[in-house]
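Novice: So here's final-v5.cif, just mmCIF, C-alpha atoms; chains and numbers go by the auth columns:
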```cif
data_data
#
loop_
_atom_site.group_PDB
_atom_site.id
_atom_site.type_symbol
_atom_site.label_atom_id
_atom_site.label_comp_id
_atom_site.label_asym_id
_atom_site.label_seq_id
_atom_site.Cartn_x
_atom_site.Cartn_y
_atom_site.Cartn_z
_atom_site.B_iso_or_equiv
_atom_site.auth_seq_id
_atom_site.auth_asym_id
ATOM 1 C CA MET A 1 -12.812 20.296 16.799 0.00 1 A
ATOM 2 C CA SER A 2 -11.447 20.457 13.248 0.00 2 A
ATOM 3 C CA LEU A 3 -9.578 17.733 11.407 0.00 3 A
ATOM 4 C CA LEU A 4 -6.408 19.811 11.758 0.00 4 A
ATOM 5 C CA ASP A 5 -6.916 19.810 15.543 0.00 5 A
ATOM 6 C CA VAL A 6 -7.151 16.015 15.448 0.00 6 A
ATOM 7 C CA PHE A 7 -3.945 15.766 13.415 0.00 7 A
ATOM 8 C CA GLU A 8 -2.175 18.151 15.807 0.00 8 A
ATOM 9 C CA SER A 9 -3.267 15.998 18.750 0.00 9 A
ATOM 10 C CA LEU A 10 -2.123 12.815 17.017 0.00 10 A
ATOM 11 C CA GLU A 11 1.283 14.336 16.380 0.00 11 A
ATOM 12 C CA GLN A 12 1.657 15.029 20.108 0.00 12 A
ATOM 13 C CA THR A 13 1.104 11.410 21.141 0.00 13 A
ATOM 14 C CA GLY A 14 3.934 9.591 22.844 0.00 14 A
ATOM 15 C CA ILE A 15 4.726 7.538 19.757 0.00 15 A
ATOM 16 C CA GLY A 16 4.730 10.603 17.522 0.00 16 A
ATOM 17 C CA LEU A 17 7.033 12.505 19.857 0.00 17 A
ATOM 18 C CA LEU A 18 9.339 9.531 20.386 0.00 18 A
ATOM 19 C CA ILE A 19 9.849 8.935 16.667 0.00 19 A
ATOM 20 C CA ARG A 20 10.144 12.623 15.815 0.00 20 A
ATOM 21 C CA GLU A 21 12.716 13.294 18.550 0.00 21 A
ATOM 22 C CA SER A 22 14.793 10.175 17.912 0.00 22 A
ATOM 23 C CA LEU A 23 17.772 10.281 15.588 0.00 23 A
ATOM 24 C CA TRP A 24 17.297 6.738 14.322 0.00 24 A
ATOM 25 C CA LEU A 25 13.654 5.686 14.851 0.00 25 A
ATOM 26 C CA PHE A 26 12.159 7.484 11.848 0.00 26 A
ATOM 27 C CA PRO A 27 14.693 6.056 9.366 0.00 27 A
ATOM 28 C CA ALA A 28 14.380 2.599 10.950 0.00 28 A
ATOM 29 C CA PHE A 29 10.584 2.628 10.639 0.00 29 A
ATOM 30 C CA GLU A 30 10.864 3.985 7.111 0.00 30 A
ATOM 31 C CA ALA A 31 13.327 1.249 6.097 0.00 31 A
ATOM 32 C CA VAL A 32 10.981 -1.477 7.353 0.00 32 A
ATOM 33 C CA HIS A 33 8.074 0.331 5.669 0.00 33 A
ATOM 34 C CA LEU A 34 9.934 0.248 2.348 0.00 34 A
ATOM 35 C CA LEU A 35 10.711 -3.453 2.793 0.00 35 A
ATOM 36 C CA GLY A 36 6.997 -4.064 3.362 0.00 36 A
ATOM 37 C CA LEU A 37 6.233 -2.049 0.247 0.00 37 A
ATOM 38 C CA SER A 38 8.665 -4.204 -1.721 0.00 38 A
ATOM 39 C CA VAL A 39 6.972 -7.419 -0.587 0.00 39 A
ATOM 40 C CA LEU A 40 3.539 -5.949 -1.301 0.00 40 A
ATOM 41 C CA GLY A 41 4.666 -4.805 -4.738 0.00 41 A
ATOM 42 C CA GLY A 42 6.164 -8.194 -5.518 0.00 42 A
ATOM 43 C CA SER A 43 3.009 -9.995 -4.436 0.00 43 A
ATOM 44 C CA LEU A 44 0.811 -7.763 -6.547 0.00 44 A
ATOM 45 C CA LEU A 45 3.151 -7.757 -9.528 0.00 45 A
ATOM 46 C CA MET A 46 3.388 -11.558 -9.676 0.00 46 A
ATOM 47 C CA VAL A 47 -0.375 -11.812 -10.063 0.00 47 A
ATOM 48 C CA ASP A 48 -0.771 -8.785 -12.330 0.00 48 A
ATOM 49 C CA LEU A 49 1.943 -9.959 -14.723 0.00 49 A
ATOM 50 C CA ARG A 50 0.269 -13.362 -14.881 0.00 50 A
ATOM 51 C CA LEU A 51 -2.979 -11.603 -15.788 0.00 51 A
ATOM 52 C CA PHE A 52 -1.141 -10.159 -18.823 0.00 52 A
ATOM 53 C CA GLY A 53 -0.018 -13.661 -19.782 0.00 53 A
ATOM 54 C CA VAL A 54 3.605 -13.181 -18.716 0.00 54 A
ATOM 55 C CA GLY A 55 5.507 -14.034 -15.579 0.00 55 A
ATOM 56 C CA ILE A 56 4.797 -17.326 -13.850 0.00 56 A
ATOM 57 C CA ARG A 57 2.793 -19.126 -16.517 0.00 57 A
ATOM 58 C CA SER A 58 3.053 -22.542 -14.887 0.00 58 A
ATOM 59 C CA ARG A 59 0.309 -21.500 -12.459 0.00 59 A
ATOM 60 C CA THR A 60 -3.130 -20.094 -13.049 0.00 60 A
ATOM 61 C CA PRO A 61 -3.892 -16.605 -11.761 0.00 61 A
ATOM 62 C CA GLU A 62 -6.099 -18.211 -9.092 0.00 62 A
ATOM 63 C CA GLN A 63 -3.232 -20.412 -7.912 0.00 63 A
ATOM 64 C CA LEU A 64 -0.936 -17.388 -7.738 0.00 64 A
ATOM 65 C CA VAL A 65 -3.481 -15.402 -5.737 0.00 65 A
ATOM 66 C CA ARG A 66 -3.638 -18.228 -3.189 0.00 66 A
ATOM 67 C CA ALA A 67 0.152 -18.560 -3.103 0.00 67 A
ATOM 68 C CA VAL A 68 0.879 -14.861 -2.569 0.00 68 A
ATOM 69 C CA ARG A 69 -2.028 -14.113 -0.220 0.00 69 A
ATOM 70 C CA PRO A 70 -0.004 -14.687 2.994 0.00 70 A
ATOM 71 C CA TRP A 71 2.742 -12.412 1.660 0.00 71 A
ATOM 72 C CA LEU A 72 0.203 -9.810 0.585 0.00 72 A
ATOM 73 C CA VAL A 73 -1.598 -9.773 3.930 0.00 73 A
ATOM 74 C CA GLY A 74 1.661 -9.943 5.890 0.00 74 A
ATOM 75 C CA SER A 75 3.132 -7.019 3.992 0.00 75 A
ATOM 76 C CA LEU A 76 -0.029 -4.981 4.552 0.00 76 A
ATOM 77 C CA LEU A 77 0.282 -5.623 8.290 0.00 77 A
ATOM 78 C CA VAL A 78 3.937 -4.525 8.223 0.00 78 A
ATOM 79 C CA LEU A 79 2.979 -1.416 6.262 0.00 79 A
ATOM 80 C CA MET A 80 0.246 -0.529 8.745 0.00 80 A
ATOM 81 C CA GLY A 81 2.527 -1.258 11.697 0.00 81 A
ATOM 82 C CA THR A 82 5.177 1.096 10.364 0.00 82 A
ATOM 83 C CA GLY A 83 3.017 3.592 8.489 0.00 83 A
ATOM 84 C CA ILE A 84 0.905 4.594 11.481 0.00 84 A
ATOM 85 C CA PRO A 85 3.908 5.511 13.661 0.00 85 A
ATOM 86 C CA LEU A 86 5.501 7.353 10.722 0.00 86 A
ATOM 87 C CA PHE A 87 2.257 9.277 10.260 0.00 87 A
ATOM 88 C CA LEU A 88 2.056 10.089 13.978 0.00 88 A
ATOM 89 C CA SER A 89 5.539 11.607 13.851 0.00 89 A
ATOM 90 C CA GLU A 90 4.517 14.136 11.202 0.00 90 A
ATOM 91 C CA ALA A 91 0.724 14.247 11.184 0.00 91 A
ATOM 92 C CA VAL A 92 0.476 18.007 10.624 0.00 92 A
ATOM 93 C CA LYS A 93 2.830 17.799 7.638 0.00 93 A
ATOM 94 C CA CYS A 94 0.606 15.013 6.281 0.00 94 A
ATOM 95 C CA TYR A 95 -2.506 17.116 6.827 0.00 95 A
ATOM 96 C CA TYR A 96 -1.106 19.786 4.497 0.00 96 A
ATOM 97 C CA SER A 97 0.347 17.296 2.000 0.00 97 A
ATOM 98 C CA TYR A 98 -1.671 16.719 -1.162 0.00 98 A
ATOM 99 C CA SER A 99 0.412 13.583 -1.753 0.00 99 A
ATOM 100 C CA PHE A 100 -0.672 12.145 1.608 0.00 100 A
ATOM 101 C CA TRP A 101 -4.347 12.495 0.714 0.00 101 A
ATOM 102 C CA VAL A 102 -3.769 10.996 -2.743 0.00 102 A
ATOM 103 C CA LYS A 103 -1.920 8.066 -1.157 0.00 103 A
ATOM 104 C CA MET A 104 -4.594 7.423 1.477 0.00 104 A
ATOM 105 C CA SER A 105 -7.381 7.637 -1.113 0.00 105 A
ATOM 106 C CA ALA A 106 -5.566 5.338 -3.536 0.00 106 A
ATOM 107 C CA LEU A 107 -4.716 2.953 -0.692 0.00 107 A
ATOM 108 C CA GLY A 108 -8.380 2.622 0.253 0.00 108 A
ATOM 109 C CA ILE A 109 -9.327 2.118 -3.383 0.00 109 A
ATOM 110 C CA GLY A 110 -6.493 -0.386 -3.851 0.00 110 A
ATOM 111 C CA LEU A 111 -7.492 -2.487 -0.862 0.00 111 A
ATOM 112 C CA LEU A 112 -11.152 -2.547 -1.865 0.00 112 A
ATOM 113 C CA TYR A 113 -10.295 -3.255 -5.495 0.00 113 A
ATOM 114 C CA THR A 114 -7.843 -6.057 -4.686 0.00 114 A
ATOM 115 C CA PHE A 115 -9.964 -7.949 -2.180 0.00 115 A
ATOM 116 C CA LEU A 116 -13.494 -7.190 -3.397 0.00 116 A
ATOM 117 C CA ILE A 117 -13.079 -7.039 -7.171 0.00 117 A
ATOM 118 C CA LYS A 118 -9.771 -8.377 -8.490 0.00 118 A
ATOM 119 C CA HIS A 119 -9.453 -11.555 -6.432 0.00 119 A
ATOM 120 C CA PRO A 120 -13.131 -12.568 -6.794 0.00 120 A
ATOM 121 C CA VAL A 121 -12.983 -11.995 -10.571 0.00 121 A
ATOM 122 C CA ILE A 122 -9.840 -14.139 -10.770 0.00 122 A
ATOM 123 C CA ARG A 123 -11.503 -16.905 -8.725 0.00 123 A
ATOM 124 C CA ARG A 124 -14.424 -16.958 -11.171 0.00 124 A
ATOM 125 C CA GLY A 125 -12.008 -17.625 -14.041 0.00 125 A
ATOM 126 C CA ALA A 126 -12.434 -14.481 -16.129 0.00 126 A
ATOM 127 C CA GLY A 127 -11.243 -14.529 -19.725 0.00 127 A
ATOM 128 C CA PRO A 128 -7.896 -13.100 -20.878 0.00 128 A
ATOM 129 C CA GLY A 129 -9.319 -9.707 -21.885 0.00 129 A
ATOM 130 C CA VAL A 130 -10.968 -9.144 -18.515 0.00 130 A
ATOM 131 C CA GLN A 131 -7.845 -10.392 -16.746 0.00 131 A
ATOM 132 C CA ALA A 132 -5.678 -7.903 -18.629 0.00 132 A
ATOM 133 C CA VAL A 133 -8.002 -5.026 -17.741 0.00 133 A
ATOM 134 C CA ILE A 134 -8.091 -5.895 -14.042 0.00 134 A
ATOM 135 C CA GLY A 135 -4.298 -6.240 -14.096 0.00 135 A
ATOM 136 C CA VAL A 136 -3.834 -2.798 -15.667 0.00 136 A
ATOM 137 C CA LEU A 137 -6.208 -1.213 -13.157 0.00 137 A
ATOM 138 C CA SER A 138 -4.429 -2.930 -10.281 0.00 138 A
ATOM 139 C CA LEU A 139 -1.024 -1.711 -11.431 0.00 139 A
ATOM 140 C CA ALA A 140 -2.315 1.833 -11.916 0.00 140 A
ATOM 141 C CA ILE A 141 -3.881 1.972 -8.457 0.00 141 A
ATOM 142 C CA TRP A 142 -0.901 0.502 -6.589 0.00 142 A
ATOM 143 C CA LEU A 143 1.658 2.579 -8.511 0.00 143 A
ATOM 144 C CA THR A 144 -0.367 5.629 -7.471 0.00 144 A
ATOM 145 C CA VAL A 145 -0.173 4.511 -3.823 0.00 145 A
ATOM 146 C CA ALA A 146 3.589 3.967 -4.056 0.00 146 A
ATOM 147 C CA GLY A 147 4.305 7.126 -6.031 0.00 147 A
ATOM 148 C CA ALA A 148 2.199 9.388 -3.846 0.00 148 A
ATOM 149 C CA GLY A 149 3.670 7.792 -0.729 0.00 149 A
ATOM 150 C CA ARG A 150 7.183 8.433 -1.956 0.00 150 A
ATOM 151 C CA TRP A 151 6.257 11.994 -2.881 0.00 151 A
ATOM 152 C CA ILE A 152 5.151 12.749 0.699 0.00 152 A
ATOM 153 C CA GLY A 153 8.828 12.993 1.604 0.00 153 A
ATOM 154 C CA PHE A 154 9.335 15.733 -0.980 0.00 154 A
ATOM 155 C CA SER A 155 6.307 17.833 -0.085 0.00 155 A
#
```
Can you turn what I pasted into structure tokens?
Specialist:
Amino acid sequence: MSLLDVFESLEQTGIGLLIRESLWLFPAFEAVHLLGLSVLGGSLLMVDLRLFGVGIRSRTPEQLVRAVRPWLVGSLLVLMGTGIPLFLSEAVKCYYSYSFWVKMSALGIGLLYTFLIKHPVIRRGAGPGVQAVIGVLSLAIWLTVAGAGRWIGFS
């Protein structure tokens, strides 16, 4: 069984068919997905801007990470809860979409980077130069996720 066969099977699941055949389900899921993306982006941007020395300067980067963590995790759960059904409704299109593969790759990198590198480095109290570098990398990764995700609709 090829990966394309798997994607074809996923597209034929009940959820995939229901969303694809409904007039309003796809746009409703997409709207909630975009709201989740907005919360995720805001959570990431608050910390990344602080790493550049701008934004909320009354808190340390570590304090901001702790403050936004529930929003970050919550938005990721919303994005997964809406992204999977959206994927199931057009899995074959995603299989052939270069943007989909870029998004999924960048998403994996972004999650690993955020939770295994960026947040631990912030907790250890890295200096301003290191903080700026990890902020730039974070922005680049997550803008790639968002941009590639948006481009899926055009491919």
Novice: Between A:Gly127, A:Gly81, A:Gly41, A:Gly14, which is the closest to Leu143 of chain A once you count all atoms listed in the file?
Specialist: A:Gly41
Novice: What do you get, as a PyMOL selection string, if you spell out every residue that the PyMOL selection byres ((chain A and resi 38) around 12) selects here?
Specialist: chain A and resi 31-37+39-45+71-72+74-76+78-79+142-143+146
Novice: Exactly which residues make up the result of the PyMOL selection byres ((chain A and resi 91-96) around 6) on this file, given as a PyMOL selection string?
Specialist: chain A and resi 7-8+11+87-88+90+97+100
Novice: Using all atoms of segment 93-101 of chain A listed in the file and a margin of 3 Å per side, can you give the axis-aligned box centre and edge lengths in Å to one decimal, as JSON?
Specialist:
```
{"center_x": -0.8, "center_y": 16.0, "center_z": 2.9, "size_x": 13.2, "size_y": 13.6, "size_z": 15.4}
```
Novice: Evaluate the PyMOL selection byres ((chain A and resi 111) around 12) against this structure - the residues, as JSON, numbers by chain, please.
Specialist: {"A": [40, 44, 72, 73, 76, 103, 104, 105, 106, 107, 108, 109, 110, 112, 113, 114, 115, 116, 117, 118, 119, 138, 141, 142, 145]}
Novice: In terms of the shortest atom-to-atom distance over only C-alpha atoms, which of A:Leu86, A:Leu3, A:Leu51, A:Leu18 is closest to Ile152 of chain A?
Specialist: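 For Ile152 of chain A, the nearest of the candidates is A:Leu86.
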Novice: Quick one, how far is atom CA of Pro85 of chain A from atom CA of Gly16 of chain A?
Specialist: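 Straight-line distance from atom CA of Pro85 of chain A to atom CA of Gly16 of chain A works out to 6.4 Å.
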Novice: I want to know what sits within 12 Å of Gly55 of chain A, based on all atoms listed in the file, with residues of the same chain fewer than 3 positions away left out; could you give that as a short mmCIF file (atom, residue, chain, number, x, y, z; two decimals) with C-alpha atoms, in the coordinates of the input?
Specialist:
```cif
data_model
loop_
_atom_site.label_atom_id
_atom_site.label_comp_id
_atom_site.auth_asym_id
_atom_site.auth_seq_id
_atom_site.Cartn_x
_atom_site.Cartn_y
_atom_site.Cartn_z
CA GLY A 42 6.16 -8.19 -5.52
CA LEU A 44 0.81 -7.76 -6.55
CA LEU A 45 3.15 -7.76 -9.53
CA MET A 46 3.39 -11.56 -9.68
CA VAL A 47 -0.38 -11.81 -10.06
CA ASP A 48 -0.77 -8.78 -12.33
CA LEU A 49 1.94 -9.96 -14.72
CA ARG A 50 0.27 -13.36 -14.88
CA LEU A 51 -2.98 -11.60 -15.79
CA PHE A 52 -1.14 -10.16 -18.82
CA SER A 58 3.05 -22.54 -14.89
CA ARG A 59 0.31 -21.50 -12.46
CA THR A 60 -3.13 -20.09 -13.05
CA PRO A 61 -3.89 -16.60 -11.76
CA LEU A 64 -0.94 -17.39 -7.74
#
```
Novice: Just give me the gap between atom CA of Ala67 of chain A and atom CA of Arg123 of chain A in Å, one decimal is fine.
Specialist: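 For atom CA of Ala67 of chain A relative to atom CA of Arg123 of chain A, the distance reads 13.0 Å.
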Novice: Go through A:Ser2, A:Gln63, A:Thr13, A:Ser22 and flag the residue nearest Ile122 of chain A, using only C-alpha atoms for the distances.
Specialist: A:Gln63
Novice: Please, can segment 103-133 of chain A be completed to N, CA and C atoms and returned as a compact mmCIF listing (two decimals), in the frame of the given file?
Specialist:
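The result, written out as selection-v9.txt:
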```
# COMPACT_ATOMS: atom_id res chain seq x y z
N LYS A 103 -2.34 9.41 -1.57
CA LYS A 103 -1.92 8.07 -1.16
C LYS A 103 -3.02 7.37 -0.36
N MET A 104 -3.57 8.05 0.63
CA MET A 104 -4.59 7.42 1.48
C MET A 104 -5.84 7.06 0.66
N SER A 105 -6.22 7.94 -0.26
CA SER A 105 -7.38 7.64 -1.11
C SER A 105 -7.09 6.44 -2.01
N ALA A 106 -5.93 6.45 -2.65
CA ALA A 106 -5.57 5.34 -3.54
C ALA A 106 -5.39 4.05 -2.75
N LEU A 107 -4.88 4.15 -1.53
CA LEU A 107 -4.72 2.95 -0.69
C LEU A 107 -6.07 2.32 -0.38
N GLY A 108 -7.03 3.14 0.00
CA GLY A 108 -8.38 2.62 0.25
C GLY A 108 -8.98 1.98 -0.99
N ILE A 109 -8.82 2.66 -2.12
CA ILE A 109 -9.33 2.12 -3.38
C ILE A 109 -8.60 0.82 -3.72
N GLY A 110 -7.29 0.80 -3.54
CA GLY A 110 -6.49 -0.39 -3.85
C GLY A 110 -6.88 -1.59 -3.02
N LEU A 111 -7.10 -1.37 -1.73
CA LEU A 111 -7.49 -2.49 -0.86
C LEU A 111 -8.86 -3.03 -1.26
N LEU A 112 -9.81 -2.12 -1.45
CA LEU A 112 -11.15 -2.55 -1.86
C LEU A 112 -11.11 -3.25 -3.22
N TYR A 113 -10.39 -2.67 -4.15
CA TYR A 113 -10.30 -3.26 -5.50
C TYR A 113 -9.67 -4.65 -5.45
N THR A 114 -8.56 -4.78 -4.72
CA THR A 114 -7.84 -6.06 -4.69
C THR A 114 -8.68 -7.16 -4.08
N PHE A 115 -9.28 -6.89 -2.91
CA PHE A 115 -9.96 -7.95 -2.18
C PHE A 115 -11.43 -8.13 -2.57
N LEU A 116 -12.07 -7.08 -3.07
CA LEU A 116 -13.49 -7.19 -3.40
C LEU A 116 -13.79 -7.32 -4.89
N ILE A 117 -12.84 -6.95 -5.73
CA ILE A 117 -13.08 -7.04 -7.17
C ILE A 117 -12.07 -7.97 -7.84
N LYS A 118 -10.80 -7.62 -7.75
CA LYS A 118 -9.77 -8.38 -8.49
C LYS A 118 -9.73 -9.85 -8.11
N HIS A 119 -9.56 -10.15 -6.84
CA HIS A 119 -9.45 -11.56 -6.43
C HIS A 119 -10.73 -12.35 -6.71
N PRO A 120 -11.92 -11.81 -6.43
CA PRO A 120 -13.13 -12.57 -6.79
C PRO A 120 -13.27 -12.80 -8.30
N VAL A 121 -12.90 -11.82 -9.12
CA VAL A 121 -12.98 -12.00 -10.57
C VAL A 121 -12.01 -13.09 -11.01
N ILE A 122 -10.82 -13.10 -10.43
CA ILE A 122 -9.84 -14.14 -10.77
C ILE A 122 -10.37 -15.52 -10.37
N ARG A 123 -10.97 -15.61 -9.19
CA ARG A 123 -11.50 -16.90 -8.72
C ARG A 123 -12.60 -17.44 -9.65
N ARG A 124 -13.35 -16.54 -10.27
CA ARG A 124 -14.42 -16.96 -11.17
C ARG A 124 -13.90 -17.35 -12.55
N GLY A 125 -12.60 -17.19 -12.77
CA GLY A 125 -12.01 -17.62 -14.04
C GLY A 125 -12.33 -16.73 -15.22
N ALA A 126 -12.16 -15.43 -15.05
CA ALA A 126 -12.43 -14.48 -16.13
C ALA A 126 -11.53 -14.76 -17.33
N GLY A 127 -12.00 -14.34 -18.49
CA GLY A 127 -11.24 -14.53 -19.73
C GLY A 127 -10.02 -13.63 -19.79
N PRO A 128 -9.15 -13.85 -20.78
CA PRO A 128 -7.90 -13.10 -20.88
C PRO A 128 -8.07 -11.59 -21.01
N GLY A 129 -9.09 -11.14 -21.74
CA GLY A 129 -9.32 -9.71 -21.88
C GLY A 129 -9.67 -9.05 -20.57
N VAL A 130 -10.57 -9.67 -19.83
CA VAL A 130 -10.97 -9.14 -18.52
C VAL A 130 -9.77 -9.19 -17.57
N GLN A 131 -9.02 -10.28 -17.61
CA GLN A 131 -7.84 -10.39 -16.75
C GLN A 131 -6.85 -9.27 -17.02
N ALA A 132 -6.61 -8.97 -18.29
CA ALA A 132 -5.68 -7.90 -18.63
C ALA A 132 -6.16 -6.56 -18.10
N VAL A 133 -7.45 -6.30 -18.23
CA VAL A 133 -8.00 -5.03 -17.74
C VAL A 133 -7.86 -4.92 -16.23
```
